>>> print(open('structure.txt').read())   # compact mmCIF, C-alpha atoms and all ligand atoms
# COMPACT_ATOMS: atom_id res chain seq x y z
CA MET A 112 0.00 0.00 0.00
CA THR A 113 1.22 3.50 -0.78
CA ASP A 114 1.64 5.80 2.16
CA ARG A 115 -0.28 8.91 1.09
CA ASP A 116 1.40 11.08 3.72
CA LEU A 117 1.51 14.19 1.50
CA GLU A 118 -2.28 14.28 1.12
CA GLY A 119 -3.53 17.83 1.63
CA TRP A 120 -0.23 19.41 0.55
CA THR A 121 0.44 21.24 -2.70
CA ILE A 122 3.88 21.60 -4.24
CA ALA A 123 4.22 24.60 -6.57
CA PHE A 124 7.02 24.36 -9.14
CA ASP A 125 8.72 27.04 -11.16
CA LEU A 126 9.29 25.89 -14.77
CA ASP A 127 12.42 27.35 -16.41
CA GLY A 128 15.53 26.34 -14.47
CA THR A 129 13.58 24.15 -12.04
CA LEU A 130 11.62 21.49 -13.96
CA VAL A 131 13.07 22.08 -17.41
CA ASP A 132 16.49 23.09 -18.71
CA SER A 133 14.91 25.41 -21.25
CA ALA A 134 17.84 27.79 -21.76
CA PRO A 135 19.02 26.20 -25.06
CA ASP A 136 15.78 27.11 -26.84
CA LEU A 137 15.09 30.44 -25.11
CA ILE A 138 18.63 31.64 -25.83
CA GLY A 139 18.53 30.01 -29.28
CA THR A 140 15.57 32.23 -30.19
CA LEU A 141 17.18 35.31 -28.62
CA ASN A 142 20.37 34.74 -30.58
CA ARG A 143 18.58 34.14 -33.90
CA LEU A 144 16.84 37.50 -33.47
CA LEU A 145 20.06 39.28 -32.47
CA VAL A 146 21.82 37.96 -35.58
CA GLU A 147 18.85 38.91 -37.81
CA GLU A 148 19.15 42.44 -36.40
CA GLY A 149 22.89 42.59 -37.15
CA LEU A 150 23.93 42.24 -33.50
CA ALA A 151 26.32 39.75 -31.92
CA PRO A 152 24.83 36.65 -30.26
CA VAL A 153 25.23 36.33 -26.49
CA ALA A 154 27.00 33.45 -24.74
CA MET A 155 24.72 30.83 -23.15
CA GLU A 156 26.39 31.16 -19.73
CA GLU A 157 25.70 34.89 -19.59
CA ALA A 158 22.32 34.89 -21.27
CA GLN A 159 20.73 32.18 -19.13
CA LYS A 160 21.02 34.45 -16.09
CA LEU A 161 18.39 36.65 -17.76
CA ILE A 162 15.72 33.92 -17.58
CA GLY A 163 13.20 34.09 -14.76
CA SER A 164 10.97 37.11 -15.34
CA GLY A 165 9.35 36.05 -18.60
CA ALA A 166 10.12 36.16 -22.33
CA ARG A 167 9.69 39.90 -22.68
CA ALA A 168 12.25 40.62 -19.94
CA LEU A 169 14.69 38.16 -21.53
CA LEU A 170 14.30 39.82 -24.93
CA VAL A 171 14.65 43.39 -23.62
CA HIS A 172 17.65 42.66 -21.39
CA GLY A 173 19.28 40.45 -24.02
CA PHE A 174 19.00 43.14 -26.69
CA GLU A 175 20.17 45.89 -24.35
CA ALA A 176 23.18 43.77 -23.35
CA ALA A 177 24.01 43.34 -27.06
CA GLY A 178 24.00 47.13 -27.55
CA ALA A 179 20.52 47.72 -29.02
CA SER A 180 18.63 50.90 -28.15
CA VAL A 181 16.04 50.64 -25.39
CA GLU A 182 13.35 51.58 -27.89
CA ARG A 183 14.33 48.78 -30.28
CA ALA A 184 14.65 46.25 -27.45
CA LYS A 185 11.13 47.08 -26.30
CA SER A 186 9.46 46.99 -29.72
CA ASP A 187 6.29 44.93 -29.98
CA GLU A 188 7.24 43.72 -33.44
CA LEU A 189 10.43 42.16 -32.04
CA PHE A 190 8.46 40.53 -29.20
CA GLN A 191 5.98 39.01 -31.68
CA ARG A 192 8.88 37.59 -33.69
CA PHE A 193 10.36 36.18 -30.47
CA LEU A 194 7.09 34.40 -29.65
CA THR A 195 6.71 32.97 -33.16
CA ASP A 196 10.29 31.68 -33.29
CA TYR A 197 10.26 30.34 -29.73
CA SER A 198 6.93 28.53 -30.20
CA ALA A 199 8.37 26.78 -33.27
CA HIS A 200 11.55 25.70 -31.42
CA ILE A 201 10.28 25.37 -27.83
CA ALA A 202 11.39 21.77 -27.31
CA ASP A 203 14.27 21.43 -29.80
CA GLY A 204 16.92 21.23 -27.07
CA SER A 205 14.96 21.72 -23.84
CA GLN A 206 14.91 18.74 -21.48
CA PRO A 207 13.50 18.00 -18.04
CA PHE A 208 16.31 18.05 -15.47
CA GLU A 209 17.46 14.61 -14.37
CA GLY A 210 15.12 12.94 -11.90
CA VAL A 211 12.11 15.16 -12.63
CA VAL A 212 9.71 12.49 -13.94
CA GLU A 213 10.48 9.94 -11.20
CA THR A 214 10.25 12.56 -8.46
CA LEU A 215 6.94 13.98 -9.68
CA GLU A 216 5.54 10.45 -9.87
CA ARG A 217 6.67 9.71 -6.29
CA LEU A 218 5.16 12.93 -4.94
CA THR A 219 1.85 12.17 -6.67
CA GLU A 220 1.86 8.62 -5.29
CA ARG A 221 2.35 10.10 -1.83
CA GLY A 222 -0.80 12.19 -2.34
CA ALA A 223 0.66 15.64 -3.08
CA LEU A 224 -1.09 17.96 -5.52
CA LEU A 225 1.36 19.41 -8.04
CA VAL A 226 1.07 22.80 -9.77
CA VAL A 227 3.29 24.91 -12.02
CA ALA A 228 3.65 28.61 -11.12
CA THR A 229 5.78 30.23 -13.80
CA ASN A 230 6.52 33.64 -15.28
CA LYS A 231 6.47 31.97 -18.70
CA ARG A 232 3.19 32.67 -20.50
CA SER A 233 0.60 29.95 -19.85
CA ASP A 234 0.23 28.97 -23.52
CA LEU A 235 4.00 28.54 -23.95
CA SER A 236 4.26 26.68 -20.64
CA GLU A 237 1.53 24.26 -21.66
CA LEU A 238 3.08 23.73 -25.07
CA LEU A 239 6.51 23.00 -23.60
CA LEU A 240 5.19 20.71 -20.85
CA GLN A 241 3.03 18.81 -23.34
CA LYS A 242 5.90 18.33 -25.76
CA LEU A 243 8.07 16.93 -22.95
CA ASP A 244 5.16 14.77 -21.69
CA LEU A 245 5.23 16.49 -18.30
CA ALA A 246 1.84 18.26 -18.38
CA ARG A 247 0.02 15.16 -17.10
CA HIS A 248 1.65 15.51 -13.67
CA PHE A 249 0.08 18.87 -12.86
CA ALA A 250 -3.38 19.84 -11.60
CA ALA A 251 -2.83 23.35 -13.02
CA ILE A 252 -0.26 25.20 -15.13
CA VAL A 253 -0.40 28.84 -14.13
CA GLY A 254 1.49 31.56 -15.98
CA PRO A 255 1.45 35.28 -15.16
CA ASP A 256 -1.57 35.81 -17.42
CA ARG A 257 -3.73 33.62 -15.17
CA VAL A 258 -3.13 35.47 -11.88
CA SER A 259 -3.65 38.98 -10.48
CA ALA A 260 0.12 39.59 -10.07
CA ARG A 261 3.20 37.67 -11.24
CA LYS A 262 6.13 36.40 -9.17
CA PRO A 263 7.74 37.88 -7.04
CA SER A 264 4.21 38.61 -5.85
CA GLY A 265 2.94 35.96 -3.47
CA ALA A 266 -0.45 36.26 -5.20
CA HIS A 267 0.93 34.19 -8.09
CA LEU A 268 1.65 31.23 -5.80
CA LYS A 269 -1.49 31.49 -3.68
CA GLU A 270 -3.76 31.78 -6.71
CA ALA A 271 -1.96 28.95 -8.55
CA VAL A 272 -2.40 26.63 -5.56
CA ALA A 273 -6.07 27.60 -5.24
CA GLN A 274 -6.63 27.04 -8.98
CA ALA A 275 -5.25 23.54 -8.57
CA GLY A 276 -7.76 22.92 -5.77
CA GLY A 277 -5.11 23.10 -3.03
CA ASP A 278 -4.78 25.03 0.23
CA PRO A 279 -2.26 27.94 0.06
CA GLU A 280 -1.64 27.46 3.81
CA ARG A 281 -0.32 23.97 3.08
CA ALA A 282 1.92 24.58 0.10
CA ILE A 283 5.64 24.59 -0.64
CA MET A 284 7.42 26.45 -3.46
CA VAL A 285 10.25 24.94 -5.51
CA GLY A 286 12.15 27.41 -7.70
CA ASP A 287 15.52 28.62 -8.93
CA ALA A 288 15.64 32.41 -8.82
CA ALA A 289 14.81 35.64 -7.00
CA PRO A 290 11.20 35.90 -8.26
CA ASP A 291 10.52 32.45 -6.74
CA ALA A 292 12.11 33.17 -3.37
CA GLY A 293 10.40 36.58 -3.25
CA ALA A 294 6.99 35.14 -4.08
CA ALA A 295 7.35 32.37 -1.48
CA ARG A 296 8.32 34.89 1.20
CA ASP A 297 5.41 37.14 0.23
CA ALA A 298 2.99 34.20 0.33
CA GLY A 299 4.41 32.84 3.60
CA MET A 300 5.33 29.54 1.94
CA PRO A 301 8.49 27.50 2.61
CA CYS A 302 10.87 27.67 -0.34
CA ILE A 303 13.21 25.08 -1.86
CA LEU A 304 15.71 26.40 -4.43
CA THR A 305 17.69 24.47 -7.03
CA THR A 306 21.38 25.23 -7.42
CA PHE A 307 21.30 24.17 -11.11
CA GLY A 308 18.91 26.85 -12.38
CA TYR A 309 19.26 30.36 -13.76
CA THR A 310 20.09 33.29 -11.52
CA PRO A 311 22.34 36.35 -11.90
CA VAL A 312 23.08 36.38 -8.15
CA PRO A 313 24.34 33.42 -6.10
CA VAL A 314 21.38 31.22 -5.16
CA GLU A 315 22.68 31.06 -1.56
CA THR A 316 21.84 34.75 -1.13
CA LEU A 317 18.18 34.42 -2.11
CA GLY A 318 16.88 33.28 1.27
CA GLY A 319 15.52 29.83 0.36
CA ASP A 320 14.81 27.42 3.23
CA VAL A 321 16.57 24.48 1.56
CA LEU A 322 18.96 24.36 -1.42
CA ILE A 323 19.05 21.23 -3.58
CA ASP A 324 21.83 20.20 -5.98
CA ALA A 325 19.73 17.55 -7.77
CA PHE A 326 16.01 17.53 -8.55
CA GLU A 327 15.43 14.22 -6.80
CA ASP A 328 16.47 15.88 -3.52
CA VAL A 329 13.15 17.76 -3.59
CA GLU A 330 11.50 14.85 -1.81
CA GLU A 331 13.89 14.87 1.14
CA ALA A 332 13.68 18.67 1.34
CA ILE A 333 9.87 18.48 1.50
CA ASP A 334 10.05 15.82 4.22
CA GLY A 335 12.36 18.05 6.28
CA ILE A 336 10.08 21.08 5.91
CA LEU A 337 7.01 19.04 6.86
CA SER A 338 8.60 17.48 9.91
CA ASP A 339 9.47 21.00 11.16
CA PHE A 340 5.88 22.06 10.41
CA TYR A 341 4.38 19.21 12.43
CA VAL A 342 6.85 19.63 15.33
CA LEU A 343 5.93 23.34 15.56
CA LYS A 344 2.25 22.50 15.36
CA ALA A 345 2.59 19.96 18.19
CA LEU A 346 4.53 22.47 20.32
CA ARG A 347 1.81 25.07 19.80
CA GLY A 348 -0.78 22.48 20.82
O1 LIG A 401 10.68 32.20 -18.78
C1 LIG A 401 11.03 32.90 -17.82
O2 LIG A 401 11.78 33.89 -17.91
C2 LIG A 401 10.52 32.58 -16.44
O3 LIG A 401 10.02 31.30 -16.25
P1 LIG A 401 10.04 30.65 -14.79
O4 LIG A 401 9.21 31.56 -13.90
O5 LIG A 401 9.40 29.32 -15.04
O6 LIG A 401 11.47 30.57 -14.37
MG MG A 402 12.95 29.80 -13.10
>>> encode(input="structure.txt", output="structure tokens")
Amino acid sequence: MTDRDLEGWTIAFDLDGTLVDSAPDLIGTLNRLLVEEGLAPVAMEEAQKLIGSGARALLVHGFEAAGASVERAKSDELFQRFLTDYSAHIADGSQPFEGVVETLERLTERGALLVVATNKRSDLSELLLQKLDLARHFAAIVGPDRVSARKPSGAHLKEAVAQAGGDPERAIMVGDAAPDAGAARDAGMPCILTTFGYTPVPVETLGGDVLIDAFEDVEEAIDGILSDFYVLKALRG
């Protein structure tokens, strides 16, 4: 018999840099556009630090870093071209991080409700997760267009958990960057951060409760957070 000890808990996952190593395709699109505009492509190492606040932010910061004018970087026409190119190449090189499928299956078996809370647009998130056969694990896939305020607002996490049918008071965030840590803090949720994701500042400085070096360590991190939760609850009576 499976021990459904995570029943009643919701785990909210960030997408880019947490579930999926999506930098190859995001930066691939950015670089194709830079070259089309006569600008130099950016190195993957540098460019992947720009991921975390959505496609528009990646495009604007990527173009500014390559020397484009602010006006050009912010043009709607460029953004539309980004979306068209990225949609066509969304899963060319993107892969789930190692251990993702097995870990999501385990968490579901243990009764947890799983949700995606991402700053990637909902339609692109669904497309990517479907192509990688990951969508089936989640009760809801919630981009910034489906909430009242995006990460780092805690509203994104609370509303995503509620949309999945979960209780925001019994939820844990798993992410890779400052918007995730900020949103978890704002929502009063414990936060697990990956050390293999995309962040311009060291992940250690973001204030996560637990850092994990491999995705499969999520399970142990959740168990630690929950045992603290239940000890505190018992102490409070
Ligand atoms: O695509 C982005 O920039 C952000 O996506 P994430 O919130 O899933 O990291
Ligand atoms: Mg991320």
>>> residues_near_ligand(input="structure.txt", ligand="ligand MG 402 (chain A)", cutoff="10 Å", atoms="all atoms listed in the file", output="PyMOL selection string")
chain A and resi 124-133+160-165+228-231+285-291+304-305+308-310
>>> write_last_selection(input="structure.txt", atoms="C-alpha atoms", output="CSV table (one decimal), in the frame of the given file")
chain,number,residue,atom,x,y,z
A,124,PHE,CA,7.0,24.4,-9.1
A,125,ASP,CA,8.7,27.0,-11.2
A,126,LEU,CA,9.3,25.9,-14.8
A,127,ASP,CA,12.4,27.4,-16.4
A,128,GLY,CA,15.5,26.3,-14.5
A,129,THR,CA,13.6,24.2,-12.0
A,130,LEU,CA,11.6,21.5,-14.0
A,131,VAL,CA,13.1,22.1,-17.4
A,132,ASP,CA,16.5,23.1,-18.7
A,133,SER,CA,14.9,25.4,-21.2
A,160,LYS,CA,21.0,34.4,-16.1
A,161,LEU,CA,18.4,36.6,-17.8
A,162,ILE,CA,15.7,33.9,-17.6
A,163,GLY,CA,13.2,34.1,-14.8
A,164,SER,CA,11.0,37.1,-15.3
A,165,GLY,CA,9.4,36.0,-18.6
A,228,ALA,CA,3.6,28.6,-11.1
A,229,THR,CA,5.8,30.2,-13.8
A,230,ASN,CA,6.5,33.6,-15.3
A,231,LYS,CA,6.5,32.0,-18.7
A,285,VAL,CA,10.2,24.9,-5.5
A,286,GLY,CA,12.2,27.4,-7.7
A,287,ASP,CA,15.5,28.6,-8.9
A,288,ALA,CA,15.6,32.4,-8.8
A,289,ALA,CA,14.8,35.6,-7.0
A,290,PRO,CA,11.2,35.9,-8.3
A,291,ASP,CA,10.5,32.4,-6.7
A,304,LEU,CA,15.7,26.4,-4.4
A,305,THR,CA,17.7,24.5,-7.0
A,308,GLY,CA,18.9,26.8,-12.4
A,309,TYR,CA,19.3,30.4,-13.8
A,310,THR,CA,20.1,33.3,-11.5
>>> closest_residue(input="structure.txt", among="A:Ala246, A:Val226, A:Leu239, A:Leu137", to="ligand LIG 401 (chain A)", atoms="all atoms listed in the file")
A:Leu137
>>> closest_residue(input="structure.txt", among="A:Gly149, A:Pro135, A:Gly265, A:Pro255", to="ligand LIG 401 (chain A)", atoms="only C-alpha atoms and all ligand atoms")
A:Pro255
>>> atom_distance(input="structure.txt", atom1="CA of Gly276 (chain A)", atom2="CA of Gly210 (chain A)")
25.7 Å
>>> atom_distance(input="structure.txt", atom1="CA of Thr306 (chain A)", atom2="CA of Asp278 (chain A)")
27.3 Å
>>> axis_aligned_box(input="structure.txt", around="ligand LIG 401 (chain A)", padding_each_side="6 Å", output="lines of an AutoDock Vina configuration file")
center_x = 10.5
center_y = 31.6
center_z = -16.3
size_x = 14.6
size_y = 16.6
size_z = 16.9
>>> residues_around(input="structure.txt", residues="Leu144 (chain A)", least_positions_apart="5", cutoff="9 Å", atoms="only C-alpha atoms", output="JSON, numbers by chain")
{"A": [139, 149, 150, 152, 189, 192, 193, 196]}
>>> atom_distance(input="structure.txt", atom1="CA of Arg261 (chain A)", atom2="CA of Ala166 (chain A)")
13.2 Å
>>> residues_around(input="structure.txt", residues="Glu175 (chain A)", least_positions_apart="4", cutoff="12 Å", atoms="only C-alpha atoms", output="ChimeraX atom specification")
/A:141,145,150-153,158,161,168-171,179-185
>>> closest_residue(input="structure.txt", among="A:Met300, A:Ala123, A:Ala345, A:Val212", to="ligand LIG 401 (chain A)", atoms="all atoms listed in the file")
A:Ala123
>>> closest_residue(input="structure.txt", among="A:Leu194, A:Ser205, A:Pro301, A:Ala266", to="Leu235 (chain A)", atoms="all atoms listed in the file")
A:Leu194
>>> closest_residue(input="structure.txt", among="A:Ile252, A:Leu225, A:Ile323, A:Leu317", to="ligand LIG 401 (chain A)", atoms="all atoms listed in the file")
A:Ile252
>>> closest_residue(input="structure.txt", among="A:Ala176, A:Phe340, A:Glu270, A:Asp324", to="Glu209 (chain A)", atoms="all atoms listed in the file")
A:Asp324
